[in-house]
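Pasting coords33.txt here (compact mmCIF, C-alpha atoms):
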```txt
# COMPACT_ATOMS: atom_id res chain seq x y z
CA MET Q 1 68.52 39.16 137.67
CA ASN Q 2 66.49 38.50 134.53
CA THR Q 3 66.38 35.13 132.79
CA SER Q 4 68.98 36.10 130.21
CA ASP Q 5 71.46 37.24 132.86
CA LEU Q 6 70.90 34.08 134.90
CA SER Q 7 71.46 31.91 131.85
CA THR Q 8 74.68 33.76 131.04
CA LEU Q 9 75.86 33.40 134.65
CA ALA Q 10 75.14 29.67 134.71
CA GLN Q 11 76.83 29.10 131.36
CA THR Q 12 79.90 31.03 132.51
CA LEU Q 13 80.15 29.08 135.75
CA GLY Q 14 79.69 25.82 133.87
CA LEU Q 15 82.33 26.58 131.24
CA GLN Q 16 84.84 27.75 133.83
CA ALA Q 17 84.22 24.64 135.93
CA LYS Q 18 84.64 22.35 132.93
CA GLN Q 19 87.94 23.96 131.99
CA ALA Q 20 89.16 23.83 135.59
CA SER Q 21 88.16 20.17 135.94
CA ALA Q 22 90.64 19.17 133.20
CA LEU Q 23 93.46 20.80 135.17
CA MET Q 24 92.29 19.32 138.48
CA ALA Q 25 92.15 15.80 137.02
CA LYS Q 26 95.87 15.86 136.26
CA ALA Q 27 97.01 17.76 139.36
CA SER Q 28 99.49 15.87 141.51
CA ALA Q 29 98.61 14.61 144.95
CA ALA Q 30 101.25 16.91 146.44
CA ILE Q 31 99.69 20.04 144.96
CA LYS Q 32 96.16 19.05 146.00
CA ASN Q 33 97.36 18.31 149.53
CA LYS Q 34 99.17 21.66 149.64
CA ALA Q 35 95.90 23.41 148.80
CA LEU Q 36 94.07 21.55 151.57
CA LYS Q 37 96.71 22.38 154.17
CA LYS Q 38 96.71 26.03 153.07
CA LEU Q 39 92.93 26.13 153.38
CA ALA Q 40 93.18 24.79 156.94
CA GLU Q 41 95.67 27.55 157.75
CA LEU Q 42 93.43 30.23 156.29
CA LEU Q 43 90.41 28.99 158.21
CA ARG Q 44 92.26 29.15 161.53
CA ALA Q 45 93.70 32.57 160.71
CA ASN Q 46 90.29 34.03 159.90
CA VAL Q 47 88.07 32.76 162.72
CA ASP Q 48 87.12 36.23 163.95
CA ALA Q 49 86.42 37.59 160.46
CA LEU Q 50 84.34 34.55 159.56
CA GLN Q 51 82.25 34.94 162.69
CA LEU Q 52 81.53 38.58 161.86
CA ASP Q 53 80.15 37.55 158.46
CA ASN Q 54 78.30 34.65 160.05
CA ALA Q 55 76.69 36.99 162.58
CA LYS Q 56 75.03 38.89 159.72
CA ASP Q 57 73.41 35.68 158.49
CA ILE Q 58 72.27 34.66 161.97
CA GLN Q 59 70.76 38.07 162.67
CA ARG Q 60 68.81 38.01 159.38
CA ALA Q 61 67.62 34.49 160.10
CA ILE Q 62 66.36 35.41 163.56
CA GLU Q 63 64.61 38.52 162.24
CA ALA Q 64 62.99 36.42 159.50
CA GLY Q 65 61.63 34.00 162.10
CA LEU Q 66 63.65 30.99 160.93
CA ALA Q 67 63.03 27.92 163.12
CA ALA Q 68 65.51 27.39 165.95
CA PRO Q 69 67.03 24.16 164.52
CA LEU Q 70 67.71 25.97 161.22
CA VAL Q 71 69.30 28.93 163.00
CA ASP Q 72 71.46 26.45 164.89
CA ARG Q 73 72.64 24.93 161.61
CA LEU Q 74 73.78 28.38 160.45
CA LYS Q 75 76.31 28.91 163.22
CA LEU Q 76 80.01 29.06 162.37
CA THR Q 77 81.40 28.68 165.87
CA PRO Q 78 85.16 28.38 166.49
CA LYS Q 79 84.56 24.67 167.08
CA VAL Q 80 82.80 24.28 163.72
CA ILE Q 81 85.60 26.15 161.94
CA GLU Q 82 88.23 24.04 163.67
CA THR Q 83 86.41 20.87 162.63
CA CYS Q 84 86.45 22.12 159.03
CA ALA Q 85 90.19 22.79 159.27
CA GLN Q 86 90.83 19.36 160.74
CA GLY Q 87 88.77 17.82 157.95
CA CYS Q 88 91.02 19.49 155.38
CA GLU Q 89 94.12 18.17 157.13
CA GLN Q 90 92.63 14.70 157.45
CA LEU Q 91 91.96 14.67 153.71
CA ALA Q 92 95.49 15.88 152.98
CA ALA Q 93 96.91 13.01 155.03
CA MET Q 94 94.89 10.40 153.17
CA ALA Q 95 96.20 8.47 150.19
CA ASP Q 96 95.25 9.84 146.79
CA VAL Q 97 92.91 7.35 145.13
CA ILE Q 98 92.95 9.08 141.73
CA GLY Q 99 94.76 6.93 139.19
CA GLU Q 100 94.55 3.84 141.39
CA ILE Q 101 94.08 0.65 139.35
CA ILE Q 102 92.13 -2.19 140.90
CA GLY Q 103 91.21 -5.73 139.90
CA MET Q 104 93.88 -6.17 137.23
CA LYS Q 105 93.56 -9.70 135.84
CA GLU Q 106 95.06 -11.45 132.86
CA GLN Q 107 92.54 -12.90 130.42
CA PRO Q 108 92.90 -16.04 128.25
CA SER Q 109 93.71 -13.79 125.28
CA GLY Q 110 96.75 -12.41 127.06
CA ILE Q 111 95.40 -8.92 127.73
CA ARG Q 112 95.21 -7.63 131.30
CA VAL Q 113 92.00 -5.86 132.34
CA GLY Q 114 91.42 -3.67 135.38
CA GLN Q 115 89.69 -0.49 136.48
CA MET Q 116 91.18 2.93 137.14
CA ARG Q 117 89.64 5.41 139.60
CA VAL Q 118 89.15 8.83 138.00
CA PRO Q 119 87.39 12.09 138.98
CA ILE Q 120 83.73 12.51 138.05
CA GLY Q 121 84.53 15.90 136.49
CA VAL Q 122 82.19 18.67 137.63
CA PHE Q 123 79.60 18.38 140.36
CA GLY Q 124 77.01 20.91 141.40
CA MET Q 125 76.22 21.19 145.10
CA ILE Q 126 72.97 22.81 146.20
CA PHE Q 127 72.59 23.10 149.94
CA GLU Q 128 70.71 24.90 152.69
CA SER Q 129 71.64 26.43 156.04
CA ARG Q 130 74.99 24.96 157.08
CA PRO Q 131 77.80 27.15 155.72
CA ASN Q 132 80.44 24.59 156.79
CA VAL Q 133 79.19 22.54 153.81
CA THR Q 134 81.05 25.03 151.62
CA ILE Q 135 84.36 23.84 153.09
CA GLU Q 136 83.38 20.17 153.14
CA ALA Q 137 82.37 20.27 149.48
CA ALA Q 138 85.39 22.32 148.41
CA SER Q 139 87.91 20.16 150.26
CA LEU Q 140 86.48 16.92 148.91
CA SER Q 141 86.37 18.38 145.41
CA ILE Q 142 90.04 19.35 145.65
CA LYS Q 143 91.16 15.96 147.01
CA SER Q 144 89.17 14.01 144.42
CA GLY Q 145 90.47 16.11 141.50
CA ASN Q 146 87.08 17.52 140.56
CA ALA Q 147 85.71 20.99 139.98
CA CYS Q 148 82.51 22.08 141.70
CA ILE Q 149 79.84 24.77 141.57
CA LEU Q 150 78.34 25.53 144.96
CA ARG Q 151 74.98 27.15 145.55
CA GLY Q 152 74.24 27.69 149.23
CA GLY Q 153 71.03 28.95 150.78
CA SER Q 154 70.27 32.66 150.84
CA GLU Q 155 70.19 32.49 154.64
CA ALA Q 156 73.97 31.84 154.71
CA ILE Q 157 75.10 34.02 151.80
CA ASP Q 158 77.60 36.18 153.74
CA SER Q 159 79.18 33.19 155.46
CA ASN Q 160 79.42 31.23 152.22
CA LYS Q 161 81.01 34.12 150.32
CA ALA Q 162 83.64 34.54 153.02
CA LEU Q 163 84.44 30.83 153.07
CA ALA Q 164 84.54 30.53 149.26
CA LYS Q 165 86.98 33.44 149.11
CA LEU Q 166 89.36 31.55 151.40
CA VAL Q 167 89.03 28.44 149.23
CA GLN Q 168 89.96 30.33 146.08
CA GLN Q 169 92.93 31.92 147.89
CA ALA Q 170 94.15 28.46 148.87
CA LEU Q 171 93.78 27.20 145.29
CA LEU Q 172 95.72 30.11 143.78
CA MET Q 173 98.45 29.95 146.44
CA SER Q 174 98.92 26.25 145.58
CA GLY Q 175 99.04 26.60 141.82
CA LEU Q 176 95.55 25.24 141.12
CA PRO Q 177 92.84 26.99 139.05
CA GLU Q 178 90.70 29.34 141.14
CA HIS Q 179 87.58 28.28 139.21
CA ALA Q 180 87.96 24.72 140.48
CA VAL Q 181 85.60 25.81 143.27
CA GLN Q 182 82.98 28.43 142.44
CA LEU Q 183 80.19 29.80 144.61
CA VAL Q 184 77.04 31.14 142.98
CA GLN Q 185 77.03 34.71 144.26
CA THR Q 186 73.35 35.44 143.65
CA THR Q 187 70.52 34.34 145.95
CA ASP Q 188 68.07 34.16 143.03
CA ARG Q 189 66.58 30.65 143.18
CA ALA Q 190 66.07 30.58 139.42
CA VAL Q 191 69.78 29.93 138.93
CA VAL Q 192 69.31 26.46 140.45
CA GLY Q 193 67.04 25.53 137.54
CA GLN Q 194 69.84 26.51 135.17
CA LEU Q 195 72.53 24.51 136.99
CA ILE Q 196 70.58 21.27 137.13
CA ALA Q 197 69.89 21.40 133.40
CA MET Q 198 73.46 21.68 132.03
CA PRO Q 199 74.67 18.15 131.29
CA GLN Q 200 77.25 19.61 128.91
CA TYR Q 201 79.04 21.09 131.93
CA VAL Q 202 77.78 19.37 135.10
CA ASP Q 203 78.23 15.63 135.60
CA VAL Q 204 76.25 15.17 138.82
CA ILE Q 205 74.10 17.26 141.16
CA ILE Q 206 74.19 16.80 144.93
CA PRO Q 207 71.35 18.49 146.84
CA ARG Q 208 71.77 18.71 150.61
CA GLY Q 209 68.94 20.15 152.66
CA GLY Q 210 65.28 19.66 153.43
CA LYS Q 211 63.01 17.13 151.78
CA GLY Q 212 61.28 19.83 149.72
CA LEU Q 213 64.54 21.04 148.20
CA ILE Q 214 65.72 17.54 147.33
CA GLU Q 215 62.38 16.58 145.77
CA ARG Q 216 62.40 19.73 143.60
CA ILE Q 217 65.96 19.12 142.44
CA SER Q 218 65.32 15.44 141.69
CA ALA Q 219 62.19 16.26 139.70
CA GLY Q 220 63.79 18.95 137.54
CA ALA Q 221 67.36 17.70 137.06
CA LYS Q 222 68.66 16.68 133.65
CA VAL Q 223 71.82 15.25 135.19
CA PRO Q 224 72.22 12.43 137.74
CA VAL Q 225 71.39 13.30 141.37
CA ILE Q 226 72.95 11.89 144.57
CA LYS Q 227 70.40 12.42 147.33
CA HIS Q 228 68.69 11.53 150.56
CA LEU Q 229 65.23 12.80 151.43
CA ASP Q 230 64.86 12.09 155.16
CA GLY Q 231 66.89 11.16 158.22
CA ASN Q 232 64.38 9.04 160.13
CA CYS Q 233 66.98 7.09 162.11
CA HIS Q 234 66.20 4.30 164.60
CA THR Q 235 67.87 2.94 167.70
CA TYR Q 236 66.72 -0.55 168.73
CA VAL Q 237 67.38 -1.70 172.30
CA ASP Q 238 67.61 -5.49 172.17
CA ASP Q 239 67.03 -8.26 174.70
CA PRO Q 240 69.66 -8.97 175.99
CA CYS Q 241 71.61 -5.71 176.25
CA ASP Q 242 73.89 -3.81 178.59
CA LEU Q 243 71.27 -1.50 180.10
CA ALA Q 244 73.70 1.17 181.26
CA MET Q 245 75.33 1.27 177.84
CA ALA Q 246 71.95 1.31 176.10
CA VAL Q 247 70.76 4.26 178.18
CA ARG Q 248 73.95 6.19 177.48
CA VAL Q 249 73.86 5.55 173.72
CA ALA Q 250 70.12 6.17 173.32
CA ASP Q 251 70.53 9.46 175.17
CA ASN Q 252 73.41 10.57 172.95
CA ALA Q 253 71.72 9.43 169.75
CA LYS Q 254 68.77 11.72 170.45
CA THR Q 255 69.99 14.62 172.58
CA ASN Q 256 73.61 15.19 171.49
CA LYS Q 257 72.15 17.51 168.86
CA TYR Q 258 68.57 17.64 167.59
CA SER Q 259 69.00 19.21 164.14
CA PRO Q 260 71.27 16.77 162.23
CA CYS Q 261 69.87 14.10 159.95
CA ASN Q 262 71.73 11.38 161.91
CA ALA Q 263 69.93 12.05 165.20
CA THR Q 264 67.72 9.16 166.32
CA GLU Q 265 64.05 9.95 165.76
CA SER Q 266 62.53 6.62 166.77
CA LEU Q 267 63.38 4.32 169.68
CA LEU Q 268 62.42 0.64 169.55
CA VAL Q 269 62.68 -1.42 172.73
CA ALA Q 270 62.48 -5.20 173.09
CA ARG Q 271 59.65 -6.27 175.40
CA GLY Q 272 62.03 -8.28 177.58
CA VAL Q 273 63.96 -5.18 178.70
CA ALA Q 274 61.31 -2.49 178.31
CA ALA Q 275 60.23 -2.38 181.97
CA GLN Q 276 63.84 -1.80 183.07
CA PHE Q 277 65.06 0.40 180.23
CA LEU Q 278 62.16 2.76 179.52
CA PRO Q 279 61.91 4.40 182.97
CA GLN Q 280 65.65 5.13 182.90
CA ILE Q 281 65.75 6.69 179.44
CA GLY Q 282 62.38 8.36 180.05
CA GLN Q 283 63.73 10.25 183.04
CA ILE Q 284 66.69 11.50 181.01
CA TYR Q 285 64.57 12.58 178.05
CA ALA Q 286 62.05 14.31 180.30
CA THR Q 287 64.73 16.18 182.21
CA LYS Q 288 66.14 17.41 178.87
CA GLY Q 289 62.72 18.44 177.59
CA VAL Q 290 62.24 15.70 175.01
CA GLU Q 291 58.62 14.91 174.15
CA MET Q 292 58.00 11.16 173.92
CA ARG Q 293 55.35 9.92 171.50
CA CYS Q 294 54.72 6.36 172.60
CA ASP Q 295 52.76 3.30 171.54
CA ALA Q 296 50.27 1.99 174.10
CA GLU Q 297 52.69 -0.44 175.75
CA ALA Q 298 55.54 2.04 176.12
CA LEU Q 299 53.12 4.67 177.38
CA GLN Q 300 51.80 2.36 180.08
CA ILE Q 301 55.28 1.37 181.29
CA LEU Q 302 56.43 4.98 181.47
CA LYS Q 303 53.30 6.23 183.27
CA GLU Q 304 53.52 3.44 185.84
CA ASN Q 305 57.10 4.43 186.64
CA TRP Q 306 56.79 8.19 186.46
CA PRO Q 307 57.57 10.12 189.71
CA LEU Q 308 55.38 13.20 190.16
CA ALA Q 309 58.43 15.38 190.89
CA LEU Q 310 59.94 14.37 187.56
CA VAL Q 311 56.77 15.31 185.69
CA ASN Q 312 56.90 18.78 187.20
CA GLN Q 313 60.58 19.16 186.37
CA ALA Q 314 60.02 17.94 182.83
CA GLN Q 315 57.11 20.33 182.29
CA VAL Q 316 59.39 23.28 183.07
CA ALA Q 317 61.96 22.10 180.55
CA ILE Q 318 59.30 21.45 177.93
CA GLU Q 319 57.94 24.98 178.14
CA SER Q 320 61.07 26.47 176.61
CA VAL Q 321 61.79 23.70 174.15
CA ALA Q 322 58.63 22.12 172.80
CA ASN Q 323 55.85 24.72 173.01
CA ASN Q 324 54.31 23.48 176.26
CA ALA Q 325 53.77 20.01 174.83
CA PRO Q 326 53.10 17.23 177.37
CA VAL Q 327 56.00 14.95 178.23
CA LEU Q 328 54.19 11.75 177.25
CA VAL Q 329 51.70 11.45 174.41
CA SER Q 330 50.25 8.65 172.32
CA ALA Q 331 52.00 8.08 169.01
CA GLN Q 332 50.07 8.31 165.77
CA GLU Q 333 50.83 6.29 162.64
CA ALA Q 334 52.53 9.33 161.07
CA ASP Q 335 55.03 9.49 163.96
CA TRP Q 336 56.76 6.30 162.84
CA TYR Q 337 57.68 8.02 159.55
CA GLU Q 338 58.61 11.40 161.01
CA GLU Q 339 61.98 13.17 160.93
CA TYR Q 340 61.47 15.62 163.80
CA LEU Q 341 64.80 17.51 163.89
CA ALA Q 342 63.54 18.62 167.29
CA PRO Q 343 63.35 17.43 170.95
CA ILE Q 344 60.70 14.83 170.06
CA ILE Q 345 61.10 11.06 169.77
CA SER Q 346 58.73 8.22 168.94
CA ILE Q 347 58.96 5.11 171.15
CA LYS Q 348 57.62 1.60 170.49
CA VAL Q 349 57.88 -1.71 172.33
CA VAL Q 350 58.54 -4.65 169.99
CA ALA Q 351 58.64 -8.40 170.55
CA GLY Q 352 62.29 -8.71 169.55
CA VAL Q 353 64.83 -8.30 166.76
CA ASP Q 354 62.59 -9.65 163.97
CA GLU Q 355 59.82 -7.14 164.67
CA ALA Q 356 62.37 -4.35 165.07
CA ILE Q 357 63.90 -5.08 161.65
CA ALA Q 358 60.47 -5.28 160.02
CA HIS Q 359 59.44 -1.97 161.58
CA ILE Q 360 62.66 -0.23 160.50
CA ASN Q 361 62.47 -1.49 156.92
CA GLN Q 362 58.86 -0.30 156.69
CA TYR Q 363 59.17 3.14 158.29
CA SER Q 364 62.85 4.07 158.08
CA SER Q 365 64.23 6.52 155.52
CA HIS Q 366 67.14 4.04 155.09
CA HIS Q 367 69.65 6.54 156.45
CA THR Q 368 71.11 5.13 159.71
CA ASP Q 369 69.80 2.51 162.14
CA ALA Q 370 71.44 0.97 165.21
CA ILE Q 371 71.02 -2.06 167.46
CA LEU Q 372 72.18 -2.09 171.11
CA THR Q 373 72.68 -5.73 172.07
CA ARG Q 374 74.75 -8.41 173.80
CA ASP Q 375 73.64 -11.09 171.34
CA HIS Q 376 76.15 -11.61 168.53
CA MET Q 377 73.64 -13.45 166.33
CA HIS Q 378 71.08 -10.65 166.72
CA ALA Q 379 73.76 -8.13 165.79
CA GLN Q 380 74.72 -10.05 162.65
CA GLN Q 381 71.06 -10.47 161.64
CA PHE Q 382 70.48 -6.74 162.10
CA LEU Q 383 73.52 -5.88 159.97
CA ARG Q 384 72.41 -8.21 157.18
CA GLU Q 385 68.70 -7.47 157.09
CA VAL Q 386 68.29 -3.74 157.83
CA ASP Q 387 68.17 -1.99 154.46
CA SER Q 388 69.89 1.30 155.30
CA SER Q 389 72.99 3.17 154.15
CA SER Q 390 74.59 2.87 157.61
CA VAL Q 391 73.80 0.05 160.06
CA MET Q 392 75.40 0.10 163.51
CA VAL Q 393 75.95 -2.20 166.47
CA ASN Q 394 76.32 -0.71 169.97
CA ALA Q 395 77.01 2.82 168.75
CA SER Q 396 75.14 6.12 168.48
CA THR Q 397 73.54 6.98 165.15
CA ARG Q 398 75.24 10.38 165.52
CA PHE Q 399 78.41 8.71 164.20
CA ALA Q 400 76.92 8.54 160.68
CA ASP Q 401 79.17 11.26 159.35
CA GLY Q 402 82.03 11.44 156.87
CA PHE Q 403 84.42 13.02 159.36
CA GLU Q 404 83.64 10.38 162.01
CA TYR Q 405 84.00 7.61 159.41
CA GLY Q 406 87.52 8.80 158.62
CA LEU Q 407 86.58 10.17 155.19
CA GLY Q 408 87.95 13.62 156.06
CA ALA Q 409 84.62 15.22 155.25
CA GLU Q 410 81.45 14.33 153.43
CA ILE Q 411 79.62 15.86 150.53
CA GLY Q 412 76.37 14.47 151.91
CA ILE Q 413 74.77 11.20 152.91
CA SER Q 414 73.18 9.20 150.14
CA THR Q 415 70.26 6.85 150.70
CA ASP Q 416 70.32 5.90 147.03
CA LYS Q 417 71.87 2.58 146.04
CA PHE Q 418 73.64 3.97 142.95
CA HIS Q 419 76.25 5.26 142.55
CA ALA Q 420 77.14 6.11 146.16
CA ARG Q 421 75.52 5.08 149.44
CA GLY Q 422 75.98 6.43 152.95
CA PRO Q 423 78.40 9.30 153.68
CA VAL Q 424 79.82 10.39 150.33
CA GLY Q 425 83.54 11.05 150.58
CA ILE Q 426 86.37 10.95 148.07
CA GLU Q 427 85.46 7.65 146.41
CA GLY Q 428 81.84 8.78 146.06
CA LEU Q 429 83.10 11.66 143.89
CA THR Q 430 85.00 9.37 141.55
CA SER Q 431 84.18 6.97 138.78
CA LEU Q 432 85.85 3.86 137.42
CA LYS Q 433 86.97 3.30 133.86
CA TYR Q 434 88.29 0.07 132.41
CA VAL Q 435 91.94 -0.03 131.42
CA VAL Q 436 93.38 -2.74 129.19
CA LEU Q 437 97.10 -3.53 128.96
CA GLY Q 438 98.33 -5.60 126.10
CA ALA Q 439 101.46 -6.62 124.19
CA GLY Q 440 100.15 -6.60 120.63
CA GLU Q 441 97.28 -9.10 121.13
CA VAL Q 442 94.58 -9.19 118.45
CA ARG Q 443 91.12 -10.65 118.76
CA ILE Q 444 90.57 -13.87 116.86
```

Starting from the file, give its structure as structure tokens.
Amino acid sequence: MNTSDLSTLAQTLGLQAKQASALMAKASAAIKNKALKKLAELLRANVDALQLDNAKDIQRAIEAGLAAPLVDRLKLTPKVIETCAQGCEQLAAMADVIGEIIGMKEQPSGIRVGQMRVPIGVFGMIFESRPNVTIEAASLSIKSGNACILRGGSEAIDSNKALAKLVQQALLMSGLPEHAVQLVQTTDRAVVGQLIAMPQYVDVIIPRGGKGLIERISAGAKVPVIKHLDGNCHTYVDDPCDLAMAVRVADNAKTNKYSPCNATESLLVARGVAAQFLPQIGQIYATKGVEMRCDAEALQILKENWPLALVNQAQVAIESVANNAPVLVSAQEADWYEEYLAPIISIKVVAGVDEAIAHINQYSSHHTDAILTRDHMHAQQFLREVDSSSVMVNASTRFADGFEYGLGAEIGISTDKFHARGPVGIEGLTSLKYVVLGAGEVRI
């Protein structure tokens, strides 16, 4: 498409979204919930058809040489579709926060002042790879009374079109405007530049994807941006801790799935438990083909407790997962900052909770960080002092997710401090306005 056509397309999408947002803002909770339930029904009824469209995207991605973690993110398996459907139903079951008034207080003048929660209006969502984001964004937009314009990656265009069609069917069948959720049908990247520069139509932009995409959007946007750049998440194994629990959680945090931004990328271990803990988790990681990039102390402990048979077994696993990389290597300074999204983890031995917190606050991307401990005071200190959007005690970082947090779904995870932080659900897509109730008071 030429520049003129792209501009016309963007303006049309923006105008339609703005008009739809006015209708969505006054839609009743019952109608919005009806649309969400209908969308869940349509998803379950179209699993086979959705997978056929998804297969086209996966085949193109493989032929184009897309990295394995990115191909994995593309997959619309029956389980992924069912999770999307459940997310819609979970949202439908939740209370409608739109119109809620909080903090109402009477002032000395006699007026009462509070704040009402209202929709943001129109948000633009620009995302890569995962087509299930189409449903997460659409369902949250519906529940929060907003309109949205979605622009997915070209690698998932067939999947996204199929999903967006179901969303618009659900909207129309429920009496809501079909333009409340619009998918940009072209894969031309230039349209993104148009969308992020339309403050007359778009109230906020939410990029969700790789660091490069988010940096480009943030640099060029003329509207506010809700973003996170990296998911360099940490798990800290404290002294004292339940070793069996720590091994189980540290395993899950890394190997449950390598590609999400909430997977643990760096493991910190207190010196007091390192000699007991590291050989146990090391055996598990090696067996699963996880390359461990260690500081000198962790490296020494692991090598001293490394059975030859395990090395051989690990080497076989590594060959198919990490390009013949050795099981144990020395960490470089850059490793402490790295978001691998792969079967690689950095490991460091620290003196205790103070050093762990200092390390996390220096190297973390402020996404999600966890402590595994038996010490209540250490847990409380970690919660207070770690400067991240999600901070956990005795739980896997993989729980940093809107669905797992009971938000129904998430539009993304924000590492900003304004206006939303952490998984962005319904409330993250709303704003507050002051409301004043009086009985004829005048200011003296």

For region 39-46 of chain Q, find every residue with an atom within 8 Å (counting all atoms listed in the file), except residues of its own chain fewer than 4 positions away, and show them as a CSV table (one decimal) with C-alpha atoms, in the frame of the given file.
```
chain,number,residue,atom,x,y,z
Q,35,ALA,CA,95.9,23.4,148.8
Q,50,LEU,CA,84.3,34.6,159.6
Q,81,ILE,CA,85.6,26.2,161.9
Q,82,GLU,CA,88.2,24.0,163.7
Q,84,CYS,CA,86.4,22.1,159.0
Q,85,ALA,CA,90.2,22.8,159.3
Q,86,GLN,CA,90.8,19.4,160.7
Q,88,CYS,CA,91.0,19.5,155.4
Q,89,GLU,CA,94.1,18.2,157.1
Q,166,LEU,CA,89.4,31.6,151.4
Q,167,VAL,CA,89.0,28.4,149.2
Q,169,GLN,CA,92.9,31.9,147.9
Q,170,ALA,CA,94.2,28.5,148.9
```

Between Q:Thr186, Q:Gln11, Q:Ser144, Q:Ser21, which has the minimum distance to Ala156 (chain Q) (counting all atoms listed in the file)?
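Checking each of Q:Thr186, Q:Gln11, Q:Ser144, Q:Ser21 against Ala156 (chain Q), counting all atoms listed in the file, the winner is Q:Thr186.
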
For each of Q:Ser346, Q:Gln362, Q:Gln200, Q:Thr264, take the minimum atom-to-atom distance to Arg398 (chain Q), counting all atoms listed in the file, then give the residue where this is smallest.
Q:Thr264

CA of Ala270 (chain Q) to CA of His378 (chain Q) measures 12.0 Å

Do you have the CA of Asp401 (chain Q)-CA of Val424 (chain Q) distance handy?
9.1 Å

From (73.8, 34.1, 164.4), in the file's coordinates, out to 12 Å: which residues are reached, counting all atoms listed in the file? Answer as an MDAnalysis selection string.
chainID Q and resid 50:63 66 68 70:77 129:131 155:156 158:159

Please provide as a list in words all residues within 10 Å of Gln182 (chain Q), with the sequence filter that same-chain residues fewer than 6 positions apart are discarded (counting all atoms listed in the file).
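After dropping sequence-adjacent residues, the list is Leu13, Gly14, Gln16, Ala17, Gly124, Thr134, Ala138, Ala147, Cys148, Ile149, Leu150, Arg151, Lys161, Ala164, Lys165, Val167 and Gln168 of chain Q.
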
Enter the distance from CA of Pro240 (chain Q) to CA of Glu355 (chain Q), in Å, rounded to one decimal.
15.1 Å

Would you mind listing what lies within 8 Å of Thr415 (chain Q) as a PyMOL selection string, with all atoms listed in the file counted and same-chain residues fewer than 4 positions away left out?
chain Q and resi 227-229+365-367+388-389+421-422

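Compared by their closest atoms to Arg189 (chain Q), and using only C-alpha atoms, the residues Q:Ile31, Q:Ile205, Q:Ile126, Q:Ile344 rank with Q:Ile126 nearest.
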
To test the calculation: enclose all listed atoms of region 77-81 of chain Q in a box whose edges run along x, y and z, add 6 Å on each side, then state centre and edge lengths in Å to one decimal, as JSON.
```
{"center_x": 83.5, "center_y": 26.5, "center_z": 164.5, "size_x": 16.2, "size_y": 16.4, "size_z": 17.1}
```

Near Ser364 (chain Q), counting only C-alpha atoms, which residues have an atom at most 8 Å away, once you skip same-chain residues fewer than 2 positions from it, shown as a ChimeraX atom specification?
/Q:232-234,337,359-362,366-367

Could you write out the selected residues, including C-alpha atoms, as a PDB file, in the frame of the given file?
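File part21.pdb, as written:
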```pdb
ATOM      1  CA  ASN Q 232      64.380   9.040 160.130  1.00  0.00           C
ATOM      2  CA  CYS Q 233      66.980   7.090 162.110  1.00  0.00           C
ATOM      3  CA  HIS Q 234      66.200   4.300 164.600  1.00  0.00           C
ATOM      4  CA  TYR Q 337      57.680   8.020 159.550  1.00  0.00           C
ATOM      5  CA  HIS Q 359      59.440  -1.970 161.580  1.00  0.00           C
ATOM      6  CA  ILE Q 360      62.660  -0.230 160.500  1.00  0.00           C
ATOM      7  CA  ASN Q 361      62.470  -1.490 156.920  1.00  0.00           C
ATOM      8  CA  GLN Q 362      58.860  -0.300 156.690  1.00  0.00           C
ATOM      9  CA  HIS Q 366      67.140   4.040 155.090  1.00  0.00           C
ATOM     10  CA  HIS Q 367      69.650   6.540 156.450  1.00  0.00           C
TER      11      HIS Q 367
END
```

Find, counting all atoms listed in the file, the residue in Q:Leu328, Q:Ala64, Q:Ala370, Q:Leu140 that gets nearest to Gly87 (chain Q).
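Nearest to Gly87 (chain Q): Q:Leu140.
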
List every protein, DNA or RNA residue that has at least one atom no more than 10 Å from (71.5, 1.0, 177.5) in the file's coordinates, counting only C-alpha atoms, and write the result as a PyMOL selection string.
chain Q and resi 237-238+241-251+273+276-278+280-281+372-373+394

Quick one: residues within 12 Å of Asp239 (chain Q), all atoms listed in the file counted, chain neighbours fewer than 6 positions away excluded, as a ChimeraX atom specification?
/Q:246,268-277,349-354,356,371-379
